[in-house]
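S.K.: Sharing work-v2.cif, mmCIF, C-alpha atoms:
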data_final
#
loop_
_atom_site.label_atom_id
_atom_site.label_comp_id
_atom_site.auth_asym_id
_atom_site.auth_seq_id
_atom_site.Cartn_x
_atom_site.Cartn_y
_atom_site.Cartn_z
CA MET A 20 37.13 -51.44 46.96
CA LYS A 21 36.81 -50.97 50.73
CA ARG A 22 37.86 -47.58 52.08
CA LEU A 23 37.52 -45.67 55.34
CA LEU A 24 34.91 -42.91 55.16
CA TYR A 25 35.70 -39.52 56.76
CA GLU A 26 33.65 -36.40 57.34
CA ILE A 27 35.67 -33.21 57.81
CA THR A 28 34.62 -29.78 59.05
CA HIS A 29 37.16 -26.95 58.98
CA THR A 30 36.01 -23.60 60.39
CA THR A 31 38.09 -20.42 60.11
CA THR A 32 36.91 -17.34 62.01
CA TYR A 33 38.32 -13.83 61.66
CA GLN A 34 37.34 -11.13 64.18
CA TYR A 35 38.17 -7.58 63.10
CA LEU A 36 38.54 -4.41 65.17
CA GLY A 37 36.51 -1.94 63.15
CA ASP A 38 34.59 -2.46 59.94
CA VAL A 39 36.15 -4.24 56.97
CA SER A 40 34.50 -2.94 53.82
CA VAL A 41 35.95 -5.39 51.28
CA SER A 42 37.96 -8.60 51.65
CA HIS A 43 39.28 -11.10 49.11
CA HIS A 44 40.44 -14.58 50.12
CA LEU A 45 42.12 -17.54 48.45
CA VAL A 46 41.10 -20.78 50.15
CA ARG A 47 42.69 -24.22 49.81
CA LEU A 48 40.58 -26.58 51.90
CA GLY A 49 39.36 -29.18 49.39
CA PRO A 50 40.84 -32.71 49.63
CA ARG A 51 43.01 -33.84 46.72
CA GLN A 52 41.86 -36.67 44.48
CA SER A 53 44.28 -39.59 44.23
CA THR A 54 44.41 -43.36 44.12
CA LYS A 55 44.60 -43.24 47.94
CA GLN A 56 41.70 -40.89 48.60
CA LEU A 57 38.44 -40.21 46.81
CA CYS A 58 36.65 -36.94 47.55
CA LEU A 59 32.92 -37.65 47.53
CA SER A 60 31.71 -34.12 48.31
CA HIS A 61 33.16 -30.74 49.20
CA ASP A 62 31.41 -27.49 50.06
CA ILE A 63 32.63 -24.01 51.04
CA THR A 64 30.40 -21.42 52.74
CA ALA A 65 31.11 -17.95 54.10
CA ASP A 66 29.31 -15.62 56.50
CA PRO A 67 28.68 -12.83 55.47
CA ALA A 68 27.51 -14.24 52.16
CA PRO A 69 30.13 -13.67 49.46
CA ALA A 70 29.56 -11.58 46.38
CA VAL A 71 31.86 -13.98 44.52
CA LEU A 72 32.63 -17.63 45.27
CA CYS A 73 34.34 -19.62 42.52
CA SER A 74 36.76 -22.52 42.28
CA HIS A 75 39.76 -23.51 40.17
CA LYS A 76 42.81 -25.79 40.18
CA ASP A 77 46.10 -24.08 41.01
CA TYR A 78 49.51 -24.72 39.44
CA PHE A 79 50.13 -27.78 41.64
CA GLY A 80 46.71 -29.31 40.99
CA ASN A 81 45.22 -28.27 44.34
CA ARG A 82 41.56 -27.35 44.62
CA ALA A 83 41.26 -23.62 45.38
CA HIS A 84 38.38 -21.20 45.94
CA PHE A 85 38.27 -17.43 45.56
CA ILE A 86 35.94 -15.62 47.97
CA SER A 87 35.05 -11.93 47.78
CA ILE A 88 33.12 -10.23 50.59
CA GLU A 89 31.87 -6.81 49.51
CA CYS A 90 29.79 -5.64 52.48
CA ALA A 91 30.88 -4.11 55.78
CA HIS A 92 31.70 -6.77 58.37
CA GLN A 93 33.54 -7.21 61.66
CA GLN A 94 33.56 -11.02 61.55
CA LEU A 95 34.15 -13.52 58.77
CA VAL A 96 33.49 -17.24 59.13
CA ILE A 97 34.63 -19.62 56.37
CA THR A 98 33.45 -23.21 56.72
CA ALA A 99 34.62 -26.13 54.59
CA ARG A 100 32.82 -29.46 54.77
CA SER A 101 34.12 -32.54 53.00
CA LYS A 102 33.36 -36.22 52.77
CA LEU A 103 35.95 -38.62 51.40
CA ALA A 104 36.95 -42.25 51.34
CA VAL A 105 40.55 -43.22 52.10
CA SER A 106 42.39 -46.45 51.33
CA PRO A 107 45.76 -47.57 52.74
CA ALA A 108 48.78 -45.99 51.07
CA PHE A 109 51.05 -48.15 48.94
CA VAL A 110 54.49 -48.25 50.56
CA PRO A 111 57.25 -50.38 49.05
CA GLU A 112 59.64 -52.43 51.14
CA ALA A 113 62.28 -49.95 52.24
CA ASN A 114 65.25 -52.20 51.47
CA GLU A 115 63.92 -52.94 47.98
CA THR A 116 63.92 -49.31 46.86
CA PRO A 117 66.83 -48.09 44.71
CA SER A 118 69.88 -46.46 46.25
CA TRP A 119 69.47 -42.81 47.03
CA GLU A 120 72.40 -41.93 44.75
CA SER A 121 70.67 -43.54 41.76
CA VAL A 122 67.46 -41.68 42.58
CA ARG A 123 69.39 -38.42 42.73
CA ALA A 124 71.10 -39.12 39.40
CA ARG A 125 67.90 -40.04 37.61
CA CYS A 126 66.02 -37.04 38.98
CA ARG A 127 68.87 -34.82 37.79
CA ASP A 128 69.28 -36.34 34.32
CA ASP A 129 65.87 -37.73 33.27
CA HIS A 130 63.77 -34.85 31.96
CA SER A 131 60.71 -36.83 30.93
CA GLY A 132 57.29 -37.68 32.35
CA ARG A 133 56.75 -37.59 36.10
CA THR A 134 60.47 -37.28 36.78
CA LEU A 135 60.51 -33.97 34.92
CA GLU A 136 57.55 -32.78 36.98
CA ALA A 137 59.41 -33.70 40.18
CA HIS A 138 62.57 -31.89 39.07
CA GLU A 139 61.35 -28.46 40.20
CA PHE A 140 61.14 -29.70 43.80
CA ILE A 141 64.94 -30.04 44.05
CA TYR A 142 65.60 -26.31 44.33
CA SER A 143 65.27 -23.69 47.05
CA SER A 144 61.85 -22.08 47.51
CA PRO A 145 60.82 -18.96 49.45
CA LEU A 146 60.54 -20.81 52.80
CA VAL A 147 63.01 -23.68 52.21
CA THR A 148 66.66 -22.92 51.50
CA VAL A 149 69.28 -25.37 50.23
CA THR A 150 72.54 -25.09 52.22
CA SER A 151 75.56 -27.12 53.28
CA ASP A 152 74.33 -27.18 56.90
CA PHE A 153 71.39 -29.31 55.84
CA VAL A 154 73.67 -31.55 53.79
CA ASP A 155 75.76 -32.25 56.87
CA TYR A 156 72.70 -33.23 58.91
CA ALA A 157 71.21 -35.38 56.14
CA THR A 158 74.33 -37.36 55.23
CA ARG A 159 74.31 -39.19 58.57
CA SER A 160 71.28 -41.04 57.20
CA PHE A 161 72.25 -41.09 53.53
CA THR A 162 75.28 -43.35 53.60
CA ALA A 163 76.77 -44.85 50.43
CA GLY A 164 74.42 -47.22 48.59
CA ARG A 165 71.63 -47.06 51.17
CA PRO A 166 68.11 -47.68 49.78
CA VAL A 167 66.37 -44.35 49.45
CA LEU A 168 63.27 -45.15 51.53
CA ASP A 169 65.39 -46.69 54.28
CA ALA A 170 67.51 -43.53 54.38
CA VAL A 171 64.49 -41.19 54.36
CA MET A 172 62.84 -43.15 57.17
CA ASP A 173 66.03 -42.87 59.22
CA LEU A 174 66.11 -39.10 58.61
CA THR A 175 62.44 -38.91 59.63
CA ARG A 176 63.19 -40.74 62.89
CA ARG A 177 66.15 -38.51 63.68
CA ILE A 178 64.14 -35.31 63.19
CA HIS A 179 61.40 -36.71 65.41
CA ASP A 180 63.96 -37.55 68.11
CA ASP A 181 66.16 -34.44 67.82
CA PHE A 182 63.46 -31.77 67.64
CA ILE A 183 60.98 -30.74 70.34
CA PHE A 184 57.35 -30.03 69.49
CA ASP A 185 56.74 -26.52 70.84
CA ALA A 186 53.81 -24.47 69.57
CA GLU A 187 55.25 -21.29 71.10
CA ALA A 188 58.73 -21.52 69.55
CA THR A 189 57.98 -20.39 66.00
CA THR A 190 55.59 -18.51 63.73
CA VAL A 191 54.57 -19.18 60.13
CA SER A 192 57.45 -16.95 58.98
CA THR A 193 60.26 -18.45 61.10
CA PRO A 194 63.21 -19.29 58.77
CA VAL A 195 64.07 -22.97 58.54
CA ALA A 196 67.66 -22.14 59.54
CA ASP A 197 66.36 -20.81 62.87
CA VAL A 198 64.30 -23.96 63.39
CA PHE A 199 67.48 -26.00 62.86
CA LYS A 200 69.42 -23.94 65.40
CA GLN A 201 66.85 -24.11 68.18
CA ARG A 202 65.58 -27.63 67.37
CA ARG A 203 62.02 -26.65 68.30
CA GLY A 204 58.84 -25.97 66.38
CA VAL A 205 55.65 -27.48 65.00
CA CYS A 206 54.72 -29.75 62.11
CA GLN A 207 55.21 -26.99 59.52
CA ASP A 208 58.77 -26.44 60.78
CA PHE A 209 59.67 -30.12 60.85
CA ALA A 210 58.33 -30.57 57.32
CA HIS A 211 60.28 -27.57 56.05
CA PHE A 212 63.46 -28.84 57.69
CA GLN A 213 63.17 -32.34 56.25
CA ILE A 214 62.45 -30.91 52.79
CA ALA A 215 65.54 -28.71 53.13
CA CYS A 216 67.67 -31.75 54.00
CA LEU A 217 66.37 -33.79 51.06
CA ARG A 218 66.69 -31.00 48.49
CA SER A 219 70.17 -30.12 49.75
CA ILE A 220 71.38 -33.59 48.74
CA GLY A 221 69.57 -33.46 45.39
CA LEU A 222 66.34 -35.35 46.12
CA PRO A 223 62.95 -33.88 45.08
CA ALA A 224 60.74 -33.19 48.10
CA ARG A 225 57.47 -31.32 48.47
CA TYR A 226 55.30 -29.99 51.29
CA VAL A 227 51.97 -31.68 52.02
CA SER A 228 49.19 -30.00 53.99
CA GLY A 229 46.25 -31.92 55.35
CA TYR A 230 44.57 -33.39 58.38
CA LEU A 231 44.88 -36.21 60.88
CA GLU A 232 42.00 -38.23 62.25
CA THR A 233 40.73 -36.43 65.37
CA ASP A 234 40.13 -39.53 67.52
CA PRO A 235 42.50 -42.48 67.01
CA PRO A 236 41.26 -46.04 66.56
CA PRO A 237 41.03 -48.09 69.77
CA GLY A 238 44.46 -49.01 71.08
CA GLN A 239 46.34 -46.39 69.04
CA VAL A 240 47.88 -43.17 70.33
CA LYS A 241 46.63 -39.73 69.34
CA LEU A 242 48.97 -38.23 66.76
CA ARG A 243 50.47 -34.77 67.09
CA GLY A 244 48.80 -32.31 64.75
CA VAL A 245 45.14 -33.24 65.24
CA ASP A 246 42.40 -30.58 65.63
CA ALA A 247 44.21 -28.29 63.17
CA SER A 248 45.86 -28.38 59.78
CA HIS A 249 48.83 -30.75 59.72
CA ALA A 250 51.92 -30.89 57.50
CA TRP A 251 54.24 -33.62 56.32
CA VAL A 252 56.61 -34.43 53.44
CA SER A 253 56.63 -36.44 50.23
CA PHE A 254 59.71 -37.32 48.20
CA PHE A 255 59.93 -38.63 44.66
CA CYS A 256 61.33 -42.02 43.64
CA PRO A 257 61.37 -42.75 39.87
CA GLY A 258 59.42 -45.90 39.05
CA ILE A 259 57.43 -45.66 42.28
CA GLY A 260 56.23 -42.07 42.56
CA TRP A 261 55.73 -39.81 45.55
CA ILE A 262 56.20 -41.45 48.97
CA GLU A 263 55.01 -39.65 52.10
CA VAL A 264 56.70 -39.43 55.53
CA ASP A 265 55.62 -37.58 58.67
CA PRO A 266 58.57 -36.32 60.77
CA THR A 267 56.29 -34.92 63.49
CA ASN A 268 54.93 -38.39 64.28
CA ASN A 269 57.77 -40.53 62.85
CA CYS A 270 55.49 -42.54 60.59
CA LEU A 271 54.53 -43.31 57.02
CA PRO A 272 51.14 -41.64 56.39
CA SER A 273 48.32 -44.00 55.52
CA LEU A 274 44.68 -44.22 56.60
CA ARG A 275 44.89 -41.52 59.30
CA HIS A 276 46.42 -38.83 57.06
CA ILE A 277 44.23 -36.86 54.62
CA SER A 278 46.02 -34.64 52.09
CA ILE A 279 44.61 -31.27 51.06
CA ALA A 280 47.34 -29.55 49.05
CA VAL A 281 50.94 -29.96 47.91
CA GLY A 282 53.53 -27.36 46.99
CA ARG A 283 57.13 -26.24 47.39
CA ASP A 284 56.51 -25.04 50.96
CA TYR A 285 53.77 -23.64 53.21
CA GLY A 286 53.49 -20.51 51.12
CA ASP A 287 52.03 -22.51 48.23
CA VAL A 288 49.37 -24.28 50.31
CA ALA A 289 48.20 -21.87 53.05
CA PRO A 290 44.60 -22.87 53.91
CA VAL A 291 43.28 -19.28 53.86
CA ARG A 292 45.02 -16.07 52.84
CA GLY A 293 43.73 -12.75 51.66
CA VAL A 294 43.68 -8.97 51.56
CA LEU A 295 41.17 -6.56 53.04
CA ILE A 296 40.23 -2.88 53.17
CA GLY A 297 39.47 -1.51 56.63
CA GLY A 298 39.78 -3.06 60.04
CA GLN A 299 42.49 -1.97 62.47
CA SER A 300 43.54 -5.47 63.60
CA GLN A 301 42.32 -9.03 63.49
CA THR A 302 42.25 -12.22 65.53
CA LEU A 303 42.06 -15.69 64.00
CA SER A 304 40.66 -18.94 65.33
CA VAL A 305 40.57 -22.30 63.56
CA SER A 306 38.80 -25.53 64.43
CA VAL A 307 39.12 -28.82 62.59
CA ASP A 308 37.07 -31.97 63.14
CA VAL A 309 37.98 -35.16 61.26
CA VAL A 310 35.61 -38.01 62.07
CA ALA A 311 35.85 -41.57 60.76
CA GLN A 312 32.44 -42.93 59.76
CA GLY A 313 33.42 -46.56 59.22
CA ALA A 314 34.35 -48.66 56.20
CA VAL A 315 32.60 -48.21 52.86
CA GLU A 316 32.57 -50.12 49.61
CA ILE A 317 33.24 -47.95 46.56
CA SER A 318 31.58 -49.12 43.34
CA PRO A 319 32.97 -48.35 39.87
CA ASP A 320 30.50 -45.46 39.47
CA GLY A 321 31.66 -43.86 42.76
CA ALA A 322 28.62 -44.88 44.82
CA THR A 323 29.22 -45.91 48.42
CA ALA A 324 27.70 -48.55 50.66
CA SER A 325 28.46 -48.95 54.39
CA THR A 326 30.03 -52.22 55.50
#
In structure tokens, what does this structure look like?
M.R.:
Amino acid sequence: MKRLLYEITHTTTYQYLGDVSVSHHLVRLGPRQSTKQLCLSHDITADPAPAVLCSHKDYFGNRAHFISIECAHQQLVITARSKLAVSPAFVPEANETPSWESVRARCRDDHSGRTLEAHEFIYSSPLVTVTSDFVDYATRSFTAGRPVLDAVMDLTRRIHDDFIFDAEATTVSTPVADVFKQRRGVCQDFAHFQIACLRSIGLPARYVSGYLETDPPPGQVKLRGVDASHAWVSFFCPGIGWIEVDPTNNCLPSLRHISIAVGRDYGDVAPVRGVLIGGQSQTLSVSVDVVAQGAVEISPDGATAST
């Protein structure tokens, strides 16, 4: 199978005022495995060298690492390097998907298999509330009998058109209700708002963190959200599965989107979080480089060959 090969470098740097004696960090920077993307290699390093570095899968199936630094330090650099092969996403014809009402009913009543797993993404979560205000906004797109993907794509377009991308307008803790009022924010905010709209009308929706290709292919525009972690949305349709949409760029993610983690909201998928002893304050800088290396052929045993 032919896929597009990517090499990704994500560098997180903390500068501390004063010595930090001990710090513990939970890191989610490893690409997810799926039918769309195959992670060929992934490596995490830290400077200073960690006393403990181990990996596990979290509740949502995301790859996570625990890092413990147990020597005095005033700077910490965490670097994640990954290589993966991405194929185009399967997206059904929008008008051939079931009505959104039937999707809502099945997700409410069918407590088996993947539909049961999706059921928990209908409810409020710490950063995404379910309220009537979001119902009112969503129902302009979710008219009676409308195919669910057609309705979700219309909601995606409206958010893209109604909200202004403004990196100074919000922080990671800005409530989604405030984002709705001011109609400004970044990809995290737009994803949270769309999830709130979908859950408020009874449709399962989850938060997706990941990356965008740094340099677009010739003739294509540069997407918003490059050079940093990006966020978008996936919703569940029984019989099809999870379908992704990107309200920041008004598109259906495919070859240029690389998923890292999924969860109820940003709190479940933060790239790096931790606790430390010492240090009076800290500054954070992040750099992300996502470089396409060309098409590759993936053999049954996972070996690659350039094409």
S.K.: Determine, for each residue of stretch 260-317 of chain A having at least one atom at most 12 Å from an atom of stretch 214-218 of chain A, the closest pair of atoms and their separation in Å to one decimal, counting all atoms listed in the file; order by chain and ascending number, as a tab-separated table.
M.R.:
residue	atom	partner	partner_atom	distance
A:Glu263	CA	A:Ile214	CA	11.5
A:Val264	CA	A:Ile214	CA	10.6
A:Asp265	CA	A:Ile214	CA	11.2
A:Pro266	CA	A:Ile214	CA	10.4
A:Gly282	CA	A:Ile214	CA	11.2
A:Arg283	CA	A:Ile214	CA	8.9
A:Asp284	CA	A:Ile214	CA	8.5
A:Tyr285	CA	A:Ile214	CA	11.3
S.K.: Report, in Å with one decimal, the straight-line distance from atom CA of A:Asp181 to atom CA of A:Thr267.
M.R.: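 So the answer is 10.8 Å.
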S.K.: What do you get, as a list in words, if you spell out every residue that the PyMOL selection byres ((chain A and resi 221) around 6) selects here?
M.R.: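 Evaluating the PyMOL selection byres ((chain A and resi 221) around 6) on this file yields Arg123, Ile141, Arg218, Ser219, Ile220 and Leu222 of chain A.
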S.K.: Of the residues A:Ala124, A:Val39, A:Ile27, A:Cys256, which is the one nearest to A:Gly229, using all atoms listed in the file?
M.R.: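 Smallest distance to A:Gly229 is found for A:Ile27.
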S.K.: Spell out the residues picked by the PyMOL selection byres ((chain A and resi 310) around 8) here, as an MDAnalysis selection string.
M.R.: chainID A and resid 25:27 232:234 308:309 311:312
S.K.: What box, with edges along x, y and z, holds each listed atom of stretch 23-38 of chain A when 4 Å is added on every side, and can you state its centre and edge lengths in Å to one decimal, as AutoDock Vina command-line options?
M.R.:
--center_x 36.1 --center_y -23.8 --center_z 60.2 --size_x 12.9 --size_y 51.7 --size_z 18.0
S.K.: Name the residues in contact with A:Glu120 at a cut-off of 9 Å, using all atoms listed in the file, excluding same-chain residues fewer than 4 positions from it; report them as a list of chain:residue names.
M.R.: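 The neighbour list is A:Ala124, A:Arg125, A:Phe161, A:Ala163, A:Gly164, A:Arg165, A:Pro166, A:Val167, A:Gly221.
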S.K.: With distances taken over all atoms listed in the file, which of A:Thr30, A:Ser300, A:Thr158, A:Asn81 is nearest to A:Ala65?
M.R.: A:Thr30
S.K.: Rounded to one decimal, what separation in Å do you get between atom CA of A:Arg202 and atom CA of A:Ala188?
M.R.: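 Between atom CA of A:Arg202 and atom CA of A:Ala188 the gap works out to 9.4 Å.
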S.K.: Missing atoms in stretch 262-294 of chain A need filling: write out N, CA and C atoms for it as a short mmCIF file (atom, residue, chain, number, x, y, z; two decimals), in the frame of the given file.
M.R.:
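And here's part18.cif as it stands now:
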data_model
loop_
_atom_site.label_atom_id
_atom_site.label_comp_id
_atom_site.auth_asym_id
_atom_site.auth_seq_id
_atom_site.Cartn_x
_atom_site.Cartn_y
_atom_site.Cartn_z
N ILE A 262 56.34 -40.67 47.74
CA ILE A 262 56.20 -41.45 48.97
C ILE A 262 56.18 -40.47 50.13
N GLU A 263 55.20 -40.60 51.02
CA GLU A 263 55.01 -39.65 52.10
C GLU A 263 55.63 -40.13 53.41
N VAL A 264 56.17 -39.17 54.18
CA VAL A 264 56.70 -39.43 55.53
C VAL A 264 56.28 -38.28 56.43
N ASP A 265 56.08 -38.58 57.70
CA ASP A 265 55.62 -37.58 58.67
C ASP A 265 56.66 -37.46 59.78
N PRO A 266 57.54 -36.44 59.74
CA PRO A 266 58.57 -36.32 60.77
C PRO A 266 58.02 -35.94 62.14
N THR A 267 56.87 -35.28 62.20
CA THR A 267 56.29 -34.92 63.49
C THR A 267 55.91 -36.16 64.29
N ASN A 268 55.41 -37.18 63.61
CA ASN A 268 54.93 -38.39 64.28
C ASN A 268 55.79 -39.62 63.96
N ASN A 269 56.88 -39.43 63.19
CA ASN A 269 57.77 -40.53 62.85
C ASN A 269 57.01 -41.72 62.28
N CYS A 270 56.29 -41.46 61.18
CA CYS A 270 55.49 -42.54 60.59
C CYS A 270 55.36 -42.32 59.09
N LEU A 271 54.87 -43.36 58.43
CA LEU A 271 54.53 -43.31 57.02
C LEU A 271 53.02 -43.08 56.92
N PRO A 272 52.57 -41.93 56.43
CA PRO A 272 51.14 -41.64 56.39
C PRO A 272 50.35 -42.70 55.62
N SER A 273 49.18 -43.01 56.17
CA SER A 273 48.32 -44.00 55.52
C SER A 273 46.86 -43.61 55.76
N LEU A 274 46.11 -44.45 56.44
CA LEU A 274 44.68 -44.22 56.60
C LEU A 274 44.34 -43.01 57.45
N ARG A 275 45.22 -42.60 58.36
CA ARG A 275 44.89 -41.52 59.30
C ARG A 275 45.34 -40.14 58.81
N HIS A 276 45.99 -40.09 57.65
CA HIS A 276 46.42 -38.83 57.06
C HIS A 276 45.56 -38.52 55.82
N ILE A 277 45.06 -37.30 55.74
CA ILE A 277 44.23 -36.86 54.62
C ILE A 277 44.91 -35.64 53.99
N SER A 278 45.29 -35.74 52.73
CA SER A 278 46.02 -34.64 52.09
C SER A 278 45.06 -33.64 51.46
N ILE A 279 45.41 -32.36 51.61
CA ILE A 279 44.61 -31.27 51.06
C ILE A 279 45.33 -30.60 49.90
N ALA A 280 46.61 -30.28 50.09
CA ALA A 280 47.34 -29.55 49.05
C ALA A 280 48.81 -29.91 49.11
N VAL A 281 49.49 -29.77 47.98
CA VAL A 281 50.94 -29.96 47.91
C VAL A 281 51.56 -28.74 47.24
N GLY A 282 52.83 -28.48 47.59
CA GLY A 282 53.53 -27.36 46.99
C GLY A 282 54.99 -27.39 47.40
N ARG A 283 55.70 -26.31 47.05
CA ARG A 283 57.13 -26.24 47.39
C ARG A 283 57.32 -26.05 48.89
N ASP A 284 56.45 -25.28 49.53
CA ASP A 284 56.51 -25.04 50.96
C ASP A 284 55.15 -24.51 51.40
N TYR A 285 55.06 -24.08 52.67
CA TYR A 285 53.77 -23.64 53.21
C TYR A 285 53.16 -22.50 52.40
N GLY A 286 54.00 -21.64 51.87
CA GLY A 286 53.49 -20.51 51.12
C GLY A 286 52.62 -20.89 49.94
N ASP A 287 52.83 -22.07 49.37
CA ASP A 287 52.03 -22.51 48.23
C ASP A 287 50.70 -23.13 48.64
N VAL A 288 50.53 -23.47 49.92
CA VAL A 288 49.37 -24.28 50.31
C VAL A 288 48.61 -23.70 51.50
N ALA A 289 48.88 -22.46 51.89
CA ALA A 289 48.20 -21.87 53.05
C ALA A 289 46.69 -22.08 52.94
N PRO A 290 46.04 -22.57 54.00
CA PRO A 290 44.60 -22.87 53.91
C PRO A 290 43.75 -21.66 53.53
N VAL A 291 44.03 -20.50 54.16
CA VAL A 291 43.28 -19.28 53.86
C VAL A 291 44.27 -18.11 53.88
N ARG A 292 44.25 -17.31 52.84
CA ARG A 292 45.02 -16.07 52.84
C ARG A 292 44.24 -15.03 52.06
N GLY A 293 44.51 -13.76 52.35
CA GLY A 293 43.73 -12.75 51.66
C GLY A 293 44.19 -11.35 51.92
N VAL A 294 43.44 -10.40 51.37
CA VAL A 294 43.68 -8.97 51.56
C VAL A 294 42.35 -8.33 51.90
#
